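The file upload38.cif contains mmCIF, C-alpha atoms:
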data_coords
loop_
_atom_site.label_atom_id
_atom_site.label_comp_id
_atom_site.auth_asym_id
_atom_site.auth_seq_id
_atom_site.Cartn_x
_atom_site.Cartn_y
_atom_site.Cartn_z
CA MET A 1 0.00 0.00 0.00
CA ASN A 2 1.15 3.48 -0.86
CA GLU A 3 2.82 5.14 2.18
CA ARG A 4 0.71 8.26 1.74
CA VAL A 5 -2.47 6.19 1.69
CA LYS A 6 -1.34 4.27 4.77
CA ILE A 7 -0.72 7.54 6.67
CA PHE A 8 -4.09 8.83 5.53
CA LEU A 9 -5.95 5.69 6.61
CA ASP A 10 -4.09 5.60 9.95
CA GLY A 11 -5.50 9.05 10.67
CA ASP A 12 -9.14 9.77 11.50
CA LEU A 13 -10.01 12.10 8.63
CA LEU A 14 -12.08 9.48 6.80
CA GLU A 15 -14.09 8.62 9.93
CA ARG A 16 -14.74 12.31 10.60
CA TYR A 17 -15.77 12.80 6.96
CA LEU A 18 -18.25 9.96 7.39
CA MET A 19 -19.75 11.80 10.37
CA ASP A 20 -19.84 15.11 8.45
CA ALA A 21 -17.40 16.53 10.99
CA THR A 22 -14.72 17.85 8.63
CA SER A 23 -13.99 21.41 7.52
CA PRO A 24 -14.56 22.28 3.84
CA MET A 25 -10.78 22.05 3.22
CA GLU A 26 -10.58 18.66 4.94
CA SER A 27 -13.60 17.44 2.95
CA LYS A 28 -11.85 18.40 -0.30
CA GLU A 29 -8.76 16.47 0.80
CA VAL A 30 -10.79 13.37 1.69
CA GLU A 31 -12.72 13.50 -1.59
CA HIS A 32 -9.43 13.72 -3.46
CA TYR A 33 -8.10 10.58 -1.71
CA ILE A 34 -11.38 8.70 -2.31
CA GLU A 35 -11.28 9.56 -5.99
CA LYS A 36 -7.59 8.82 -6.49
CA TYR A 37 -6.92 5.74 -4.31
CA PRO A 38 -9.12 2.61 -4.62
CA GLU A 39 -8.03 1.44 -1.11
CA VAL A 40 -9.44 4.63 0.39
CA LYS A 41 -12.63 4.31 -1.63
CA LYS A 42 -13.07 0.70 -0.49
CA THR A 43 -12.51 1.68 3.15
CA TYR A 44 -14.99 4.54 2.84
CA ILE A 45 -17.64 2.22 1.38
CA GLU A 46 -17.03 -0.23 4.25
CA LEU A 47 -17.35 2.54 6.81
CA GLN A 48 -20.69 3.58 5.31
CA GLU A 49 -21.91 -0.02 5.37
CA ASN A 50 -20.80 -0.31 9.01
CA LEU A 51 -22.65 2.87 9.90
CA GLU A 52 -25.82 1.65 8.21
CA GLU A 53 -25.63 -1.77 9.82
CA TYR A 54 -24.82 -0.40 13.25
CA ALA A 55 -27.60 2.21 13.07
CA THR A 56 -30.05 -0.39 11.73
CA SER A 57 -29.31 -2.59 14.73
CA PHE A 58 -31.09 0.04 16.85
CA ALA A 59 -34.10 0.32 14.53
CA VAL A 60 -37.49 0.95 16.16
CA PRO A 61 -40.79 0.67 14.26
CA ALA A 62 -41.72 4.18 13.25
CA PRO A 63 -45.37 5.16 13.91
CA SER A 64 -47.43 4.65 10.76
CA GLU A 65 -49.52 7.79 11.42
CA LEU A 66 -46.29 9.80 11.26
CA LYS A 67 -45.93 8.87 7.60
CA ASP A 68 -49.30 10.50 6.80
CA LYS A 69 -48.35 13.63 8.73
CA ILE A 70 -45.04 13.88 6.86
CA LEU A 71 -46.69 13.34 3.47
CA LYS A 72 -49.29 16.00 4.28
CA GLU A 73 -46.59 18.47 5.38
CA VAL A 74 -44.42 17.77 2.34
CA GLN A 75 -47.40 18.32 0.01
CA SER A 76 -48.04 21.73 1.59
CA LYS A 77 -44.40 22.83 1.26
CA PRO A 78 -43.36 24.71 -1.88
CA LYS A 79 -40.91 22.70 -3.95
CA SER A 80 -37.36 23.87 -3.57
CA LYS A 81 -36.82 23.46 -7.31
CA THR A 82 -39.27 26.22 -8.08
CA SER A 83 -38.11 28.41 -5.22
CA ILE A 84 -34.62 28.75 -6.67
CA PRO A 85 -35.70 30.26 -10.02
CA ILE A 86 -38.15 32.57 -8.20
CA LEU A 87 -35.33 33.74 -5.98
CA ALA A 88 -33.04 34.15 -8.97
CA ILE A 89 -35.69 36.07 -10.92
CA THR A 90 -36.38 38.27 -7.89
CA ALA A 91 -32.68 38.94 -7.46
CA CYS A 92 -32.27 39.78 -11.17
CA ALA A 93 -35.32 42.06 -11.12
CA ALA A 94 -34.04 43.78 -7.99
CA THR A 95 -30.62 44.27 -9.60
CA ILE A 96 -32.12 45.73 -12.80
CA LEU A 97 -34.44 47.98 -10.78
CA PHE A 98 -31.54 49.12 -8.65
CA GLY A 99 -29.49 49.86 -11.78
CA MET A 100 -32.33 51.85 -13.37
CA MET A 101 -32.92 53.81 -10.19
CA THR A 102 -29.21 54.55 -9.90
CA PHE A 103 -29.14 55.83 -13.50
CA MET A 104 -32.26 57.96 -12.94
CA ILE A 105 -30.85 59.44 -9.76
CA TRP A 106 -27.53 60.15 -11.50
CA ASN A 107 -29.37 61.77 -14.42
CA GLN A 108 -31.51 63.89 -12.11
CA ASN A 109 -28.40 64.88 -10.22
CA GLN A 110 -26.73 66.03 -13.44
CA GLU A 111 -29.81 68.09 -14.39
CA LEU A 112 -29.93 69.65 -10.94
CA LEU A 113 -26.22 70.48 -11.12
CA ASN A 114 -26.79 72.11 -14.51
CA ASP A 115 -29.79 74.08 -13.18
CA ARG A 116 -27.72 75.20 -10.23
CA ARG A 117 -24.94 76.39 -12.54
CA VAL A 118 -27.42 78.41 -14.68
CA THR A 119 -29.13 79.83 -11.59
CA THR A 120 -25.79 80.84 -10.08
CA GLN A 121 -24.87 82.59 -13.32
CA LEU A 122 -28.25 84.41 -13.38
CA ILE A 123 -27.85 85.51 -9.78
CA GLN A 124 -24.37 86.81 -10.58
CA GLU A 125 -25.70 88.75 -13.58
CA LEU A 126 -28.57 90.16 -11.51
CA ASN A 127 -26.12 91.24 -8.81
CA GLU A 128 -24.00 93.00 -11.42
CA ASP A 129 -27.17 94.69 -12.78
CA ILE A 130 -28.12 95.79 -9.28
CA VAL A 131 -24.68 97.30 -8.71
CA SER A 132 -24.77 99.05 -12.10
CA ASN A 133 -28.33 100.36 -11.50
CA ARG A 134 -27.35 101.61 -8.06
CA GLU A 135 -24.42 103.50 -9.54
CA THR A 136 -26.65 104.97 -12.27
CA LEU A 137 -29.32 105.88 -9.71
CA GLN A 138 -26.72 107.47 -7.48
CA SER A 139 -25.37 109.48 -10.43
CA VAL A 140 -28.86 110.58 -11.51
CA GLU A 141 -29.71 111.53 -7.94
CA GLU A 142 -26.54 113.60 -7.71
CA GLN A 143 -27.31 115.31 -11.02
CA PHE A 144 -30.88 115.88 -9.91
CA MET A 145 -29.63 117.39 -6.64
CA ILE A 146 -27.25 119.68 -8.52
CA LEU A 147 -29.84 120.77 -11.06
CA ASN A 148 -32.40 121.46 -8.35
CA ASN A 149 -29.87 123.28 -6.23
CA SER A 150 -30.66 127.03 -6.05
CA SER A 151 -26.99 127.87 -6.42
CA THR A 152 -26.71 126.02 -9.77
CA GLU A 153 -26.56 128.33 -12.76
CA LYS A 154 -27.74 127.33 -16.25
CA TYR A 155 -25.89 128.60 -19.34
CA VAL A 156 -27.02 127.99 -22.92
CA LEU A 157 -24.29 128.05 -25.56
CA ARG A 158 -25.52 128.55 -29.14
CA GLY A 159 -23.38 128.20 -32.24
CA ASN A 160 -22.20 131.17 -34.35
CA THR A 161 -22.13 131.21 -38.13
CA LYS A 162 -19.50 128.47 -38.18
CA ALA A 163 -21.86 126.09 -36.43
CA ARG A 164 -25.35 127.43 -36.44
CA LYS A 165 -27.12 124.32 -35.20
CA LEU A 166 -24.83 123.87 -32.20
CA GLU A 167 -26.69 124.04 -28.88
CA THR A 168 -25.24 123.03 -25.53
CA VAL A 169 -26.54 123.69 -22.03
CA ALA A 170 -24.04 124.01 -19.17
CA TYR A 171 -24.85 123.77 -15.43
CA VAL A 172 -22.29 125.23 -13.00
CA ASN A 173 -22.49 125.11 -9.22
CA MET A 174 -19.86 127.29 -7.63
CA LEU A 175 -20.60 126.09 -4.08
CA GLU A 176 -20.47 122.36 -4.86
CA LYS A 177 -17.70 122.96 -7.46
CA LYS A 178 -19.45 120.81 -10.08
CA SER A 179 -20.01 121.36 -13.81
CA TYR A 180 -22.25 119.46 -16.24
CA VAL A 181 -23.09 119.85 -19.90
CA HIS A 182 -26.04 118.66 -21.93
CA VAL A 183 -25.14 118.51 -25.61
CA VAL A 184 -28.46 119.15 -27.38
CA ALA A 185 -27.20 119.43 -30.98
CA LEU A 186 -23.82 119.34 -32.73
CA PRO A 187 -23.40 120.05 -36.46
CA GLU A 188 -21.42 117.41 -38.29
CA LEU A 189 -17.66 117.89 -38.69
CA PRO A 190 -15.06 116.20 -40.92
CA ASP A 191 -13.66 113.01 -39.33
CA ASP A 192 -10.39 114.74 -38.39
CA GLN A 193 -12.07 117.51 -36.32
CA VAL A 194 -13.88 117.69 -32.93
CA TYR A 195 -15.70 120.25 -30.81
CA GLN A 196 -13.70 121.07 -27.65
CA MET A 197 -14.97 122.98 -24.60
CA TRP A 198 -12.80 125.46 -22.74
CA ALA A 199 -13.07 127.44 -19.50
CA GLY A 200 -11.95 131.08 -19.48
CA VAL A 201 -9.81 131.43 -16.38
CA ASP A 202 -7.78 134.57 -15.63
CA GLY A 203 -7.57 135.41 -19.35
CA HIS A 204 -6.47 131.94 -20.35
CA MET A 205 -8.38 129.12 -22.06
CA VAL A 206 -8.24 125.93 -19.94
CA PRO A 207 -9.25 122.72 -21.79
CA LEU A 208 -12.28 120.95 -20.27
CA ASP A 209 -13.59 118.15 -22.51
CA ILE A 210 -14.34 116.99 -26.07
CA LEU A 211 -18.07 117.36 -26.83
CA LYS A 212 -20.10 114.58 -28.34
CA ILE A 213 -23.68 113.38 -28.41
CA THR A 214 -24.22 110.69 -25.75
CA LYS A 215 -27.15 108.67 -24.46
CA GLU A 216 -26.87 110.39 -21.11
CA ASN A 217 -28.48 113.81 -20.93
CA LEU A 218 -25.91 115.22 -18.57
CA VAL A 219 -22.16 114.68 -18.68
CA GLU A 220 -19.95 115.90 -15.88
CA ILE A 221 -17.01 118.04 -17.02
CA PRO A 222 -14.01 119.26 -14.99
CA TYR A 223 -14.74 122.23 -12.75
CA GLU A 224 -12.30 125.14 -12.79
CA GLU A 225 -11.94 127.71 -10.01
CA ARG A 226 -12.40 131.33 -11.05
CA MET A 227 -14.10 130.18 -14.25
CA ALA A 228 -15.39 133.35 -16.03
CA SER A 229 -16.63 131.95 -19.32
CA LEU A 230 -17.31 128.75 -21.27
CA ASN A 231 -16.12 128.42 -24.85
CA ILE A 232 -16.42 125.87 -27.65
CA THR A 233 -13.85 125.65 -30.49
CA ILE A 234 -13.29 123.34 -33.44
CA GLU A 235 -10.00 121.48 -32.92
CA PRO A 236 -8.08 118.68 -34.64
CA LYS A 237 -9.14 115.15 -33.73
CA GLY A 238 -8.07 114.24 -30.16
CA GLY A 239 -8.28 117.85 -28.94
CA SER A 240 -5.62 120.54 -28.39
CA GLU A 241 -3.66 121.88 -25.46
CA GLU A 242 -4.10 125.40 -26.69
CA ALA A 243 -7.44 126.74 -27.95
CA THR A 244 -7.62 127.73 -31.64
CA VAL A 245 -9.41 131.04 -31.10
CA ASP A 246 -10.06 131.43 -34.81
CA ASN A 247 -12.23 128.38 -34.66
CA LEU A 248 -14.41 129.60 -31.74
CA VAL A 249 -18.01 128.56 -32.48
CA ALA A 250 -19.81 129.37 -29.21
CA ASN A 251 -19.12 131.14 -25.93
CA ILE A 252 -20.88 132.55 -22.88
CA SER A 253 -19.55 134.72 -20.04
CA PHE A 254 -20.81 134.33 -16.45
CA MET B 1 -31.02 -1.69 1.01
CA LYS B 2 -31.12 -2.83 -2.56
CA PRO B 3 -29.17 -0.52 -4.87
CA PHE B 4 -32.06 -0.47 -7.34
CA ILE B 5 -34.50 0.86 -4.73
CA GLU B 6 -31.93 3.34 -3.50
CA GLN B 7 -31.35 4.57 -7.04
CA HIS B 8 -35.08 4.76 -7.74
CA ILE B 9 -35.71 6.79 -4.57
CA VAL B 10 -32.87 9.18 -5.42
CA GLU B 11 -34.29 9.72 -8.91
CA LEU B 12 -37.76 10.45 -7.49
CA LEU B 13 -36.25 12.81 -4.90
CA LYS B 14 -34.33 14.72 -7.56
CA ALA B 15 -37.50 14.99 -9.64
CA GLN B 16 -39.38 16.25 -6.54
CA ASP B 17 -41.80 13.37 -6.93
CA GLU B 18 -43.71 12.99 -3.65
CA ARG B 19 -43.70 9.18 -3.99
CA ALA B 20 -40.03 9.40 -2.90
CA ILE B 21 -41.10 10.33 0.63
CA GLY B 22 -43.43 7.32 0.91
CA LEU B 23 -40.68 4.97 -0.28
CA LEU B 24 -38.09 6.58 1.99
CA TYR B 25 -40.40 6.12 4.96
CA ASP B 26 -41.12 2.50 4.10
CA HIS B 27 -37.44 1.59 3.72
CA TYR B 28 -35.58 3.82 6.13
CA ALA B 29 -37.97 5.22 8.77
CA ASP B 30 -37.40 2.42 11.34
CA ALA B 31 -33.60 2.75 11.26
CA LEU B 32 -33.78 6.55 11.33
CA PHE B 33 -36.35 6.53 14.14
CA GLY B 34 -33.95 4.31 16.10
CA VAL B 35 -31.17 6.83 15.51
CA ALA B 36 -33.44 9.69 16.66
CA ILE B 37 -34.33 7.78 19.84
CA LYS B 38 -30.68 6.92 20.52
CA VAL B 39 -29.73 10.61 20.31
CA THR B 40 -32.73 12.15 22.09
CA LYS B 41 -33.51 9.27 24.49
CA ASP B 42 -37.13 10.42 24.17
CA GLU B 43 -39.61 8.71 21.87
CA VAL B 44 -41.98 11.70 21.63
CA LEU B 45 -39.17 14.09 20.76
CA ALA B 46 -37.76 11.50 18.37
CA GLN B 47 -41.06 11.54 16.43
CA ASP B 48 -40.80 15.30 16.01
CA VAL B 49 -37.19 14.87 14.93
CA LEU B 50 -38.12 12.24 12.36
CA GLN B 51 -40.90 14.43 10.93
CA GLU B 52 -38.64 17.49 10.75
CA SER B 53 -35.88 15.41 9.18
CA PHE B 54 -38.11 14.10 6.41
CA VAL B 55 -39.21 17.64 5.57
CA LYS B 56 -35.54 18.72 5.44
CA ILE B 57 -34.70 15.73 3.25
CA TRP B 58 -37.51 16.71 0.87
CA LYS B 59 -36.52 20.38 0.75
CA ASN B 60 -32.78 19.69 0.36
CA ALA B 61 -33.00 16.72 -2.00
CA HIS B 62 -31.17 18.71 -4.70
CA LYS B 63 -28.13 18.93 -2.40
CA TYR B 64 -27.67 15.18 -2.17
CA ASP B 65 -24.69 13.94 -4.21
CA SER B 66 -24.71 10.17 -4.66
CA SER B 67 -21.05 10.23 -5.71
CA LYS B 68 -20.03 11.49 -2.27
CA ALA B 69 -22.13 9.36 0.07
CA ARG B 70 -24.60 6.51 0.13
CA LEU B 71 -28.22 7.56 0.58
CA PHE B 72 -28.38 6.14 4.10
CA THR B 73 -25.24 8.04 5.14
CA TRP B 74 -26.85 11.31 4.02
CA LEU B 75 -30.17 10.47 5.71
CA PHE B 76 -28.33 9.48 8.90
CA ARG B 77 -26.46 12.83 8.97
CA VAL B 78 -29.73 14.80 8.52
CA VAL B 79 -31.47 12.89 11.33
CA GLN B 80 -28.42 12.98 13.60
CA ASN B 81 -27.98 16.76 13.21
CA THR B 82 -31.70 17.46 13.63
CA ALA B 83 -31.81 15.27 16.76
CA ILE B 84 -28.74 16.93 18.29
CA ASP B 85 -30.25 20.37 17.62
CA ALA B 86 -33.54 19.25 19.23
CA VAL B 87 -31.74 17.99 22.33
CA ARG B 88 -29.73 21.20 22.67
CA SER B 89 -32.86 23.29 22.17
CA ARG B 90 -34.66 21.28 24.84
CA GLN B 91 -31.74 21.64 27.23
CA ARG B 92 -31.77 25.42 26.78
CA LYS B 93 -35.53 25.46 27.37
CA THR B 94 -35.27 23.20 30.41
CA THR B 95 -32.65 25.35 32.11
CA LYS B 96 -35.01 28.32 31.80
CA GLU B 97 -37.96 26.53 33.36
CA ILE B 98 -38.47 26.38 37.11
CA GLN B 99 -38.77 22.73 37.91
CA ILE B 100 -41.36 22.30 40.71
CA GLU B 101 -41.13 18.57 40.67
CA GLU B 102 -39.01 16.17 38.72
CA SER B 103 -40.62 15.31 35.43
CA ASN B 104 -40.04 12.21 33.37
CA VAL B 105 -41.54 13.73 30.23
CA TYR B 106 -38.17 13.88 28.53
CA SER B 107 -36.88 10.52 29.58
CA ILE B 108 -38.99 7.76 28.17
CA PRO B 109 -36.52 5.14 27.07
CA SER B 110 -37.44 3.17 23.99
CA THR B 111 -37.82 -0.59 24.38
CA LYS B 112 -39.71 -1.37 21.18
CA PHE B 113 -36.92 -2.68 18.96
CA ALA B 114 -37.98 -4.12 15.63
CA ILE B 115 -38.09 -7.87 15.77
CA GLU B 116 -36.35 -8.22 12.41
CA HIS B 117 -33.37 -6.32 13.82
CA LEU B 118 -33.08 -8.22 17.08
CA ASP B 119 -30.39 -10.57 15.79
CA ILE B 120 -28.25 -7.72 14.51
CA ALA B 121 -28.83 -5.75 17.71
CA SER B 122 -27.69 -8.68 19.81
CA HIS B 123 -24.57 -8.93 17.71
CA ALA B 124 -23.99 -5.21 18.05
CA ASP B 125 -24.25 -5.90 21.76
CA GLY B 126 -21.31 -8.22 21.24
CA LEU B 127 -19.13 -5.19 20.71
CA GLU B 128 -16.92 -4.46 23.69
CA ASP B 129 -18.11 -1.57 25.82
CA LYS B 130 -14.91 0.40 25.39
CA TYR B 131 -15.56 0.53 21.63
CA ARG B 132 -19.34 0.93 21.95
CA VAL B 133 -19.14 4.04 24.16
CA VAL B 134 -16.75 5.73 21.74
CA ILE B 135 -18.86 4.91 18.66
CA ASP B 136 -22.07 5.93 20.44
CA ALA B 137 -20.54 9.23 21.58
CA LEU B 138 -19.40 10.03 18.06
CA PHE B 139 -22.33 8.59 16.08
CA PHE B 140 -25.28 9.32 18.33
CA GLN B 141 -24.29 12.08 20.72
CA GLY B 142 -22.79 14.30 18.05
CA MET B 143 -19.55 14.76 19.97
CA THR B 144 -16.28 15.66 18.31
CA GLN B 145 -13.36 13.35 19.03
CA GLN B 146 -11.95 15.94 21.44
CA GLU B 147 -15.33 16.23 23.23
CA ALA B 148 -15.55 12.44 23.46
CA SER B 149 -12.01 12.38 24.90
CA ASP B 150 -12.98 14.93 27.55
CA GLU B 151 -16.35 13.33 28.32
CA LEU B 152 -15.08 9.76 28.53
CA ASN B 153 -11.85 10.83 30.18
CA ILE B 154 -9.62 8.95 27.76
CA PRO B 155 -6.78 10.34 25.63
CA LEU B 156 -7.62 11.66 22.17
CA GLY B 157 -5.33 9.10 20.54
CA THR B 158 -7.24 6.32 22.30
CA VAL B 159 -10.56 7.72 21.04
CA LYS B 160 -9.21 7.62 17.47
CA SER B 161 -7.85 4.08 17.76
CA ARG B 162 -11.00 2.74 19.50
CA LEU B 163 -13.17 4.24 16.77
CA LYS B 164 -11.14 2.53 14.08
CA ILE B 165 -10.92 -0.80 15.87
CA GLY B 166 -14.59 -0.61 16.93
CA LEU B 167 -15.70 -0.08 13.35
CA ARG B 168 -13.48 -3.00 12.24
CA GLU B 169 -15.00 -5.19 14.94
CA LEU B 170 -18.48 -4.18 13.85
CA ARG B 171 -17.60 -5.25 10.32
CA LYS B 172 -16.61 -8.64 11.62
CA LEU B 173 -19.78 -8.95 13.71
CA PHE B 174 -22.08 -7.97 10.89
CA GLY B 175 -20.15 -10.17 8.52
CA ILE B 176 -20.92 -13.13 10.77
CA VAL B 177 -24.62 -12.21 10.89
CA ILE B 178 -24.83 -11.83 7.14
CA VAL B 179 -23.16 -15.23 6.64
CA PHE B 180 -25.45 -16.76 9.30
CA LEU B 181 -28.62 -15.30 7.72
CA SER B 182 -27.60 -16.43 4.25
CA ILE B 183 -27.32 -20.01 5.52
#

Structure rendered as structure tokens:
Amino acid sequence: MNERVKIFLDGDLLERYLMDATSPMESKEVEHYIEKYPEVKKTYIELQENLEEYATSFAVPAPSELKDKILKEVQSKPKSKTSIPILAITACAATILFGMMTFMIWNQNQELLNDRRVTTQLIQELNEDIVSNRETLQSVEEQFMILNNSSTEKYVLRGNTKARKLETVAYVNMLEKKSYVHVVALPELPDDQVYQMWAGVDGHMVPLDILKITKENLVEIPYEERMASLNITIEPKGGSEEATVDNLVANISF
Amino acid sequence: MKPFIEQHIVELLKAQDERAIGLLYDHYADALFGVAIKVTKDEVLAQDVLQESFVKIWKNAHKYDSSKARLFTWLFRVVQNTAIDAVRSRQRKTTKEIQIEESNVYSIPSTKFAIEHLDIASHADGLEDKYRVVIDALFFQGMTQQEASDELNIPLGTVKSRLKIGLRELRKLFGIVIVFLSI
């Protein structure tokens, strides 16, 4: 007999396997020996016969009414064969449902994230609008205050023969030291020329601003102390440092 | 058990044909009832064990692998495990109950051995006690070899050797009976 088989049979693994008292690993080992070695298989068959004969020697007539009870109970039990597919189908359905729900939740989450991004952008734009409107309102309020101030003087500058249609209104507040102009009409000029406003200060012409038609009615211009007059000249594009007196088109003295 | 019957019962069991249960009962119930009584030492409890075991056998028929064990071996394991569980469950229940007076409800020993098995039983009686107690502890009380060693107060190595020799002796005893009956 093979030495390995002898060692195996001298041990108690086969007896414990017979009694279902082996671990899964041990069971695998025993099954391997039974399959591979005829001596082990023969011994295992003998052990099973012994068990059956020994157990049979203690047989006691089983109550006949018990058979009917068992048959009745078995008939009322669902067959295990059918229960396995039902379980499998239930498990599959649950898995598919879970997958679908996961996808739906993910999809909804993506939509919500997108909505949130758009909403955040809208809020940001609205905030910017609010800030811009506040600034505009503040500016209008300031202009309104200046115009309604009793110490604000209004001066209308009309064009001479060089620019008959020119009309500009200037508002000067000596106390607040603020000046505004409202360009009502400006005759067209060649592209290389502009209308420039000047303040007459101590006999000199101080440049104030280039005039142009804007959406806003009032445009603030620099205020000059001891300002005695306002003048408009035609100057080369970009304006001049020194006024071209020959090109004076409108003026008003305070 | 004739191999043909065994094979036929297994086929019916696998096909979930209820006739399998009737045949199983007719051919194996007495031996299995004896096993249940040996483990529980209570005929009433043994009936419950037998009923529960047959239901388990029916429900788990697809798990039986004829290449790994004979049908009786598998049936024996089901009944043995069910009986051991029943005894343990009863012990847990009993310890919780306040015993006013000693009851003999759980200790009705069985004396009704099947007549057709009397000869075999008497031969099994021929087994020396030192082997019988070891085999009984392992086969009917559900003890591990270590537990049997502790319970019987004999070394583990002795338990192993007595199990092997006891089973060999049984083979001889049954061999004699089979030869005797065939004459």

Using only C-alpha atoms, find each residue of chain A with at least one atom at most 8 Å away from an atom of chain B; report its shortest atom-to-atom pair and that distance in Å (one decimal), sort the rows by chain and rising residue number, and return the result as a tab-separated table.
residue	atom	partner	partner_atom	distance
A:Gly11	CA	B:Lys160	CA	7.9
A:Asp12	CA	B:Lys160	CA	6.3
A:Glu15	CA	B:Lys164	CA	7.9
A:Leu18	CA	B:Thr73	CA	7.6
A:Met19	CA	B:Arg77	CA	6.9
A:Asp20	CA	B:Arg77	CA	7.0
A:Ala21	CA	B:Thr144	CA	7.5
A:Glu31	CA	B:Lys68	CA	7.6
A:Glu46	CA	B:Arg171	CA	7.9
A:Leu47	CA	B:Leu167	CA	7.2
A:Gln48	CA	B:Thr73	CA	6.4
A:Asn50	CA	B:Arg171	CA	6.0
A:Leu51	CA	B:Thr73	CA	7.5
A:Glu52	CA	B:Phe72	CA	6.6
A:Glu53	CA	B:Phe174	CA	7.2
A:Tyr54	CA	B:Ala124	CA	6.8
A:Ala55	CA	B:Ala31	CA	6.3
A:Thr56	CA	B:Ala31	CA	4.8
A:Ser57	CA	B:Ala121	CA	4.4
A:Phe58	CA	B:Gly34	CA	5.2
A:Ala59	CA	B:Ala31	CA	4.1
A:Val60	CA	B:Phe113	CA	4.6
A:Pro61	CA	B:Asp30	CA	4.8
A:Ala62	CA	B:Asp30	CA	5.0
A:Leu66	CA	B:Gln51	CA	7.1
A:Lys67	CA	B:Tyr25	CA	6.7
A:Lys69	CA	B:Gln51	CA	7.8
A:Ile70	CA	B:Gln51	CA	5.8
A:Leu71	CA	B:Ile21	CA	7.0
A:Glu73	CA	B:Val55	CA	7.4
A:Val74	CA	B:Val55	CA	6.1
A:Gln75	CA	B:Glu18	CA	7.4
A:Lys79	CA	B:Lys59	CA	6.8
A:Ser80	CA	B:Lys59	CA	5.6
A:Lys81	CA	B:Gln16	CA	7.7

A straight line from atom CA of A:Gly99 to atom CA of A:Asp115 spans 24.3 Å

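Between atom CA of A:Asp10 and atom CA of A:Ser27 lies a distance of 16.7 Å.
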
Practice task
Go ahead and compute the interatomic distance for atom CA of A:Arg16 and atom CA of B:Ala137, in Å to one decimal.
Solution key: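 Those two atoms sit 12.8 Å apart.
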
Residues selected by the PyMOL selection byres ((chain A and resi 146) around 10), written as a PyMOL selection string: chain A and resi 140-145+147-153+171-173+176+178-180

Shortest contact to A:Trp198, candidates A:Asp129, A:Ala243, A:Met101, A:Val219, atoms counted only C-alpha atoms, goes to A:Ala243

Note to self: Assuming the chain letters and numbering stay as they are in my file, what does the PyMOL selection byres ((chain A and resi 209) around 7) actually select? List them as a list of chain:residue names.
What the structure shows: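 With the shown file as input, the PyMOL selection byres ((chain A and resi 209) around 7) matches A:Gln196, A:Met197, A:Pro207, A:Leu208, A:Ile210, A:Leu211, A:Ile221.
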
Applying 6 Å and all atoms listed in the file, which residues near B:Arg162 remain after dropping the ones on its own chain fewer than 4 positions away? List them as number ranges by chain. B: 131, 158, 166

Restricted to C-alpha atoms, what would the selected residues look like written as an mmCIF file, in the coordinates of the input?
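Just written: selection-v1.cif:
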data_model
loop_
_atom_site.group_PDB
_atom_site.id
_atom_site.type_symbol
_atom_site.label_atom_id
_atom_site.label_comp_id
_atom_site.auth_asym_id
_atom_site.auth_seq_id
_atom_site.Cartn_x
_atom_site.Cartn_y
_atom_site.Cartn_z
ATOM 1 C CA TYR B 131 -15.560 0.530 21.630
ATOM 2 C CA THR B 158 -7.240 6.320 22.300
ATOM 3 C CA GLY B 166 -14.590 -0.610 16.930
#

Show me, as an MDAnalysis selection string, the residues that have an atom within 6 Å of stretch 191-193 of chain A when counting all atoms listed in the file, minus same-chain residues fewer than 6 positions from it.
chainID A and resid 235:237

- request: Skip A:Lys212 itself and residues of its chain fewer than 2 positions away, then list as JSON, numbers by chain all residues within 8 Å of it, counting all atoms listed in the file.
  value: {"A": [183, 186, 195, 210, 214]}

Is it possible to get the axis-aligned box enclosing stretch 10-19 of chain B (all listed atoms, 6 Å extra per side) as AutoDock Vina command-line options, with centre and edge lengths in Å rounded to one decimal?
--center_x -38.3 --center_y 12.7 --center_z -6.6 --size_x 22.8 --size_y 19.1 --size_z 18.0

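In terms of minimum interatomic distance to A:Val156, A:Ser229 ranks closest within A:Gln138, A:Thr120, A:Ser229, A:Asn107, counting only C-alpha atoms.
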
Could you list as a PDB file with C-alpha atoms, keeping the file's coordinate frame every residue that has an atom within 7 Å of (-20.5, 125.9, -19.8), using the file's coordinates and counting all atoms listed in the file?
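Written file, selection09.pdb:
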ATOM      1  CA  TYR A 155     -25.890 128.600 -19.340  1.00  0.00           C
ATOM      2  CA  VAL A 169     -26.540 123.690 -22.030  1.00  0.00           C
ATOM      3  CA  ALA A 170     -24.040 124.010 -19.170  1.00  0.00           C
ATOM      4  CA  TYR A 171     -24.850 123.770 -15.430  1.00  0.00           C
ATOM      5  CA  VAL A 181     -23.090 119.850 -19.900  1.00  0.00           C
ATOM      6  CA  LEU A 230     -17.310 128.750 -21.270  1.00  0.00           C
TER       7      LEU A 230
END
